[in-house]
Each structure stands twice: as C-alpha cells, then as structure tokens.
Amino acid sequence: MRRTKIADIIRTEPIGTELLVKGWVKAFRNNQFIALNDGSTPHNMQVVVDFEQLDPAQLERIRFGAAIGARGTLVESQGKGQKVEIKAAEIVIYGDCNPEEYPLQPKKQTLEYLREIAHLRFRTNTFGAVFRVRHTLAYAIHKFFNDRGFYYQHTPIITASDAEGAGEMFRVTTLPIENVPRTDAGEVDFDQDFFRRSTNLTVSGQLEAELAALALGEVYTFGPTFRAENSNTTRHLAEFWMIEPEVAFADLDDNMNLAEDMLQYVIRYALEHCADDLKILEDRLTEEEKSKPQDQRTMPLIEKLRFVTDNSFERLTYTEAIDILKNSNPNKKGKFQYPVEGWGTDLQSEHERYLVEKHFKKPVILTNYPAAIKAFYMRQDDPKEGVPGPTVSAMDILFPGIGEIVGGSQREERYERLVGRMQEMHIPEKELYWYLDTRKFGSCPHAGFGLGFERLVQFVTGMTNIRDVIAFPRFPGNAEF
Ligand code: 4AD
Ligand code: MG
C-alpha cells in the first residue's frame, strides 16, 4: 500500500477510504490518540489506536519522536480539534525514540538551544514552518523571473576575482598550509596551487551575470555566496544565498520597479500558499514580543506582510535621507549612537531603521549614494545642484526590522569611466579584462541588484535571528554540521 501525505488527506478528506500514513509522533494521549506529523503540513493527523487490540510491547514504543506508520480508515472525528482522523488497524514502528536521551522535548525550548541541535530542530513546529516557507519563497522567486522571460544562470562558486572589491573572501586552495611553497622572492607560489592562481569563494555572481545579460537580455542568478566579514549580528551570515537579476537596456528606475515588483510578488505568493505556517509563525512572534515593552512590539506578522504588498515603497535619494536624519529628533537629542553629521558617511542600521520604522513607516528605496562608499561598477551620476559630492546610481531597499534587504545599481557601461573608477579604487584591471571587454564590445546601459535570500526569509517568517532561517548557519566561530 502506498503512503498518503497528511496534507493531501486534509485537502481531499476521502472519508471511508483505507489509508497508510507515515510520520513522527508528536504526542500520544491516553494510550489511544496519536498526533502524527509527516512534514507535508503543519497540521497533525490524529490516529486512534485500539489499545486492547495492540501488543503492549508495541504500545510502549509509540512515543514522542518515534517514526511510525499507521494503516486504517479515515473517519469523521468524534473529538474536537480535527475534522477527520484515522482509525488504525495496524501500526508499524520504523524507528524508536528514547525520551531519556532525545534532545528534543515535547515542550517549548529556546531558539538558542535549538540552534545547538540544528540537526533535530527541523522537527519542531517553528522550524517546520520556517523551512516550508523558505522553500515556497525560493519557488516563487524562480516563478517570478521565469514568467517574465528571465534566464536562470549558474555563476561560478570558485572565482579568482573579488566582485565587490571589499576583500572579504574565503581562500580556496589545495596548498599545504603547514608548509606553503614559496617563490624565490618569498611570496606564496600559487603556480603550485590547484588552479595555478589565487582563488576564493565568490562574494557575488553579479559580474558573470552581467556578461550573460549582455547577450540574453534578462537573467538572474540564485546561489550561495560567501563573505569572510567578522560580523556577529542577527543579519549577517558567512554563507548566504543571493538572488541577482541583471537586465540589459535598463536604468535605475527600471531596476527599482523590478525589485519592488519582485518583493511584493513573492511575499504575496507566500501569503497565499503558506497561510497556516505563517499563522504559526505569527503566534510565535507575538509570544516572543510579550516580553518587550509595548512601544517596541511590531505589527502582527501577517498584517506586516500585507502592508508591504499593498503599499508602494518610498523612494528618495541618499542626500534627501541625510537631511531628514540630520533634522530628526533622535539626532538632535543625541539618541543615535552614531550622530548624523554630514554628507558622505555610510548609514548605520539605526539610521536605516529610523527612516523605515519611524519616519516613513514603510519600505524605503534610497538612491544615488556617494560614490566613495559604493562599489566600483556602479554608474557615475552627473553632478547635481545641492549634492555636495560625486554620486553613483545605486539603490538600497530598506525593510522594517531588517534594514538593507536589497542592494543594486545601474552599471557603469562607459569604458573610460569604468576604468577610471577601477584605478581610483585599486581594482586590478588585468584580472577583470573579461568584464571590461563587455564595455569595449557592444556595451549598453544595464542594471541589476542582489536580494539577500535569508533576509527575505527572515522578514516573511518574522524570525529575529538570521541563524534561524538557514538550516546550518555559518558565522564566525561556527561551521557545525
Ligand atoms: O549589497 P550587496 O553586498 O550587493 C552585492 O553583492 C551586489 N553584487 C548585488 C548586485 O547588484 N547584483 O549584497 C546584496 C544583498 C544585501 O542587500 C543583503 O540583503 C545581502 O545581500 N547580504 C547578506 N545577507 C546575509 N549575510 C551577509 N553577510 C550579507 N551581505 C549581504
Ligand atoms: Mg549592500
């Protein structure tokens, strides 16, 4: 007999049919009622056993966490809490679970503790919901781009370049670290390394995506990226997944429109397809926030998501944002840890959060940042009155509770300008000859952005720590599992 998934039973309710369900025991009451979960839905299926018919030794093995199968007939439930249940004719135990040794307990356990047993936390209601939502968002992203004629590109994981020019890379090598070969000049002899050159894990697939966009028109990447930045925050991972669309013949406005459409589309998709999981996550968040003072609590999760799908994002320039921040109450009263003094400095997350959560009370797109604080590939703006220094056609999207969720720009398509910037920023031209070639041959205006996938999952699930939305987080001092 074939196994039926609980999600399908709930959807079709085939009363009177004989079924086989397989899953893990969530609870066993009165030697009679098993709450069974198989991961296909947050809902458990009630399996009713006739303990007088069952072998006592087998009854003993139906315990929290055990993997079992139950064959029986689907009937309308007599009890409250479920419409249907399975009247079991046969129970099979696949895997026992000793409650004395099992690190999971049928009670609330802290997220910090569950992080230490990340190999088992999938089995909790919260993480079941998080990982179902994570899947749905990934699927929605592919669907969004596919439906619009974008081609999914697989850009390399191992590269020889630093796409962001920020130097935060993990080295990839097969050289023996205990005895590194050296040249006569005393430098590391990469000639003897696997790729005959120095290589690292990619920080972004953007540069290669640009190459594809300048032939295929509209492309995107969705892959793992790596940053060796020593950031121990609730928003940073050393290994995270990034979605990077790249569009030929697009400018900054087109780029903002695409990003806003995409974010609203995928959040709407999750609202439609993960309603039950989102309800669980909303209740969890409300519970978590009970310990916070009233004025620090956020909107209920689903309301917050609807708010983003139903309102357009606020768009303003960096220069305008600095004015708002300079004149803001927290700045005048010295409440910011980093006072906003003048034009040109990077915004801290407290400033981003002020703009989004206090001033505009909705997602914000900041544009035209000072060139000095942005990457070499961003398009240089023409000087503008009232703007103190050179800017680039950059855009960052800021979300409530998250801060920066998207970073992107129109790209510098003019060869001379690009080379000029690279020289200023000490980006090696020789290593990026292939990137520069696109500006020599058939260059055109184009734009793109990067969406941090885990930050999106964080926003949609309401999880406070980014380490709780990726199965096995990598961060300074941790590469367990
Ligand atoms: O702003 P970033 O560094 O931009 C780029 O990498 C560009 N190449 C993107 C592009 O234009 N194609 O990163 C993009 C996004 C950020 O907005 C943030 O959401 C996420 O990636 N991100 C991180 N997420 C988790 N942990 C980290 N350490 C992250 N660093 C960036
Ligand atoms: Mg950024």
# chains A, B, ... in the order shown; residues from 1 in each chain; ligands from 1

$ residues_near_ligand --ligand "ligand 2" --cutoff "8 Å" --atoms "only C-alpha atoms and all ligand atoms" --output "PyMOL selection string"
chain A and resi 396+404+406-408

$ select_by_dssp --residues "region 334-470 of chain A" --states "alpha helix (DSSP H)" --output "ChimeraX atom specification"
/A:349-353,415-424,433-440,453-461

$ residues_around --residues "Leu436 (chain A)" --least-positions-apart "6" --cutoff "12 Å" --atoms "only C-alpha atoms" --output "list in words"
Leu207, Glu208, Glu210, Leu211, Tyr377, Glu412, Glu413, Arg414, Tyr415, Glu416, Arg417, Leu418, Val419, Gly420, Met422, Ile427, Pro428, Glu429, Lys430, Gly442 and Ser443 of chain A

$ write_last_selection --atoms "C-alpha atoms" --output "PDB file, in the first residue's frame"
ATOM      1  CA  LEU A 207      29.943  40.239 -12.735  1.00  0.00           C
ATOM      2  CA  GLU A 208      29.326  36.963 -14.546  1.00  0.00           C
ATOM      3  CA  GLU A 210      26.341  40.930 -16.396  1.00  0.00           C
ATOM      4  CA  LEU A 211      28.199  39.005 -19.110  1.00  0.00           C
ATOM      5  CA  TYR A 377      30.898  49.009 -11.015  1.00  0.00           C
ATOM      6  CA  GLU A 412      28.830  51.828 -15.425  1.00  0.00           C
ATOM      7  CA  GLU A 413      28.617  50.950 -19.108  1.00  0.00           C
ATOM      8  CA  ARG A 414      31.153  53.568 -20.313  1.00  0.00           C
ATOM      9  CA  TYR A 415      34.598  52.002 -20.699  1.00  0.00           C
ATOM     10  CA  GLU A 416      36.702  55.069 -19.822  1.00  0.00           C
ATOM     11  CA  ARG A 417      34.609  55.915 -16.790  1.00  0.00           C
ATOM     12  CA  LEU A 418      34.740  52.350 -15.507  1.00  0.00           C
ATOM     13  CA  VAL A 419      38.494  52.079 -15.908  1.00  0.00           C
ATOM     14  CA  GLY A 420      38.891  55.432 -14.159  1.00  0.00           C
ATOM     15  CA  MET A 422      38.808  50.916 -11.043  1.00  0.00           C
ATOM     16  CA  ILE A 427      40.744  47.189  -8.632  1.00  0.00           C
ATOM     17  CA  PRO A 428      43.122  45.163 -10.829  1.00  0.00           C
ATOM     18  CA  GLU A 429      42.151  45.807 -14.461  1.00  0.00           C
ATOM     19  CA  LYS A 430      44.212  42.937 -15.793  1.00  0.00           C
ATOM     20  CA  GLY A 442      28.557  46.292 -27.752  1.00  0.00           C
ATOM     21  CA  SER A 443      28.218  47.896 -24.345  1.00  0.00           C
TER      22      SER A 443
END

$ residues_around --residues "Arg227 (chain A)" --least-positions-apart "4" --cutoff "10 Å" --atoms "only C-alpha atoms" --output "ChimeraX atom specification"
/A:166-170,201-204,231,236-240,475

$ write_last_selection --atoms "all heavy atoms" --output "compact mmCIF listing (two decimals), in the first residue's frame"
# COMPACT_ATOMS: atom_id res chain seq x y z
N ALA A 166 35.71 44.32 -1.90
CA ALA A 166 35.75 44.63 -0.47
C ALA A 166 36.74 43.75 0.30
O ALA A 166 36.95 43.95 1.49
CB ALA A 166 34.36 44.50 0.13
N GLY A 167 37.31 42.77 -0.40
CA GLY A 167 38.35 41.94 0.20
C GLY A 167 37.89 41.01 1.32
O GLY A 167 38.68 40.63 2.16
N GLU A 168 36.61 40.65 1.30
CA GLU A 168 36.10 39.80 2.38
C GLU A 168 35.93 38.37 1.91
O GLU A 168 34.84 37.81 1.96
CB GLU A 168 34.76 40.34 2.87
CG GLU A 168 34.89 41.70 3.51
CD GLU A 168 33.57 42.39 3.73
OE1 GLU A 168 32.63 42.14 2.97
OE2 GLU A 168 33.49 43.19 4.66
N MET A 169 37.03 37.75 1.44
CA MET A 169 36.89 36.47 0.76
C MET A 169 37.51 35.30 1.52
O MET A 169 38.49 35.46 2.23
CB MET A 169 37.53 36.57 -0.61
CG MET A 169 36.85 37.63 -1.47
SD MET A 169 37.69 37.88 -3.01
CE MET A 169 39.26 38.46 -2.50
N PHE A 170 36.90 34.13 1.31
CA PHE A 170 37.48 32.89 1.81
C PHE A 170 38.37 32.32 0.72
O PHE A 170 37.92 32.12 -0.41
CB PHE A 170 36.38 31.87 2.13
CG PHE A 170 35.56 32.22 3.34
CD1 PHE A 170 34.30 32.79 3.21
CD2 PHE A 170 36.05 31.97 4.62
CE1 PHE A 170 33.54 33.11 4.33
CE2 PHE A 170 35.29 32.28 5.74
CZ PHE A 170 34.04 32.85 5.60
N LEU A 201 36.17 31.79 -2.66
CA LEU A 201 34.74 31.55 -2.84
C LEU A 201 34.09 32.87 -3.26
O LEU A 201 34.45 33.93 -2.75
CB LEU A 201 34.12 31.05 -1.54
CG LEU A 201 34.58 29.68 -1.06
CD1 LEU A 201 33.92 29.35 0.29
CD2 LEU A 201 34.23 28.60 -2.09
N THR A 202 33.10 32.78 -4.13
CA THR A 202 32.51 34.01 -4.68
C THR A 202 31.78 34.83 -3.60
O THR A 202 31.14 34.26 -2.71
CB THR A 202 31.56 33.69 -5.84
OG1 THR A 202 31.17 34.92 -6.45
CG2 THR A 202 30.31 32.96 -5.37
N VAL A 203 31.87 36.15 -3.71
CA VAL A 203 31.07 37.02 -2.83
C VAL A 203 29.80 37.47 -3.55
O VAL A 203 28.89 38.01 -2.90
CB VAL A 203 31.86 38.28 -2.37
CG1 VAL A 203 33.04 37.88 -1.49
CG2 VAL A 203 32.34 39.12 -3.54
N SER A 204 29.73 37.23 -4.86
CA SER A 204 28.58 37.67 -5.65
C SER A 204 28.72 37.12 -7.07
O SER A 204 29.82 37.05 -7.60
CB SER A 204 28.54 39.19 -5.70
OG SER A 204 27.82 39.64 -6.83
N SER A 231 31.27 39.70 11.14
CA SER A 231 30.06 40.34 11.67
C SER A 231 29.25 39.35 12.48
O SER A 231 28.68 38.42 11.93
CB SER A 231 29.18 40.87 10.52
OG SER A 231 29.89 41.79 9.75
N HIS A 236 23.72 38.92 9.62
CA HIS A 236 24.86 38.53 8.79
C HIS A 236 25.17 37.04 8.90
O HIS A 236 25.17 36.48 9.98
CB HIS A 236 26.12 39.30 9.18
CG HIS A 236 26.08 40.73 8.77
ND1 HIS A 236 25.55 41.71 9.56
CD2 HIS A 236 26.51 41.35 7.64
CE1 HIS A 236 25.64 42.88 8.94
NE2 HIS A 236 26.21 42.69 7.76
N LEU A 237 25.47 36.46 7.74
CA LEU A 237 25.96 35.08 7.69
C LEU A 237 27.25 35.09 6.88
O LEU A 237 27.46 35.96 6.03
CB LEU A 237 24.94 34.18 6.99
CG LEU A 237 23.63 33.91 7.74
CD1 LEU A 237 22.60 33.33 6.78
CD2 LEU A 237 23.88 32.94 8.90
N ALA A 238 28.10 34.11 7.11
CA ALA A 238 29.31 33.99 6.30
C ALA A 238 28.99 33.26 4.99
O ALA A 238 29.69 33.39 3.99
CB ALA A 238 30.39 33.24 7.06
N GLU A 239 27.91 32.47 5.00
CA GLU A 239 27.43 31.78 3.80
C GLU A 239 25.95 32.09 3.66
O GLU A 239 25.18 31.75 4.57
CB GLU A 239 27.64 30.27 3.95
CG GLU A 239 27.10 29.44 2.80
CD GLU A 239 27.35 27.94 3.02
OE1 GLU A 239 28.53 27.54 3.11
OE2 GLU A 239 26.38 27.19 3.13
N PHE A 240 25.58 32.80 2.62
CA PHE A 240 24.16 33.10 2.43
C PHE A 240 23.82 32.96 0.94
O PHE A 240 24.70 32.87 0.10
CB PHE A 240 23.83 34.51 2.95
CG PHE A 240 24.52 35.64 2.22
CD1 PHE A 240 23.86 36.34 1.21
CD2 PHE A 240 25.81 36.00 2.54
CE1 PHE A 240 24.49 37.39 0.54
CE2 PHE A 240 26.45 37.04 1.87
CZ PHE A 240 25.79 37.74 0.86
N PHE A 475 28.82 31.19 10.63
CA PHE A 475 29.16 32.53 11.14
C PHE A 475 30.46 32.39 11.91
O PHE A 475 30.91 31.27 12.17
CB PHE A 475 28.01 33.09 11.98
CG PHE A 475 27.50 32.18 13.08
CD1 PHE A 475 28.05 32.22 14.35
CD2 PHE A 475 26.47 31.29 12.82
CE1 PHE A 475 27.58 31.39 15.35
CE2 PHE A 475 25.99 30.44 13.83
CZ PHE A 475 26.56 30.49 15.10

$ atom_distance --atom1 "CA of Val21 (chain A)" --atom2 "CA of His119 (chain A)"
23.8 Å

$ closest_residue --among "A:Asp162, A:Asp437, A:Asp253, A:Glu116" --to "ligand 1" --atoms "only C-alpha atoms and all ligand atoms"
A:Asp162
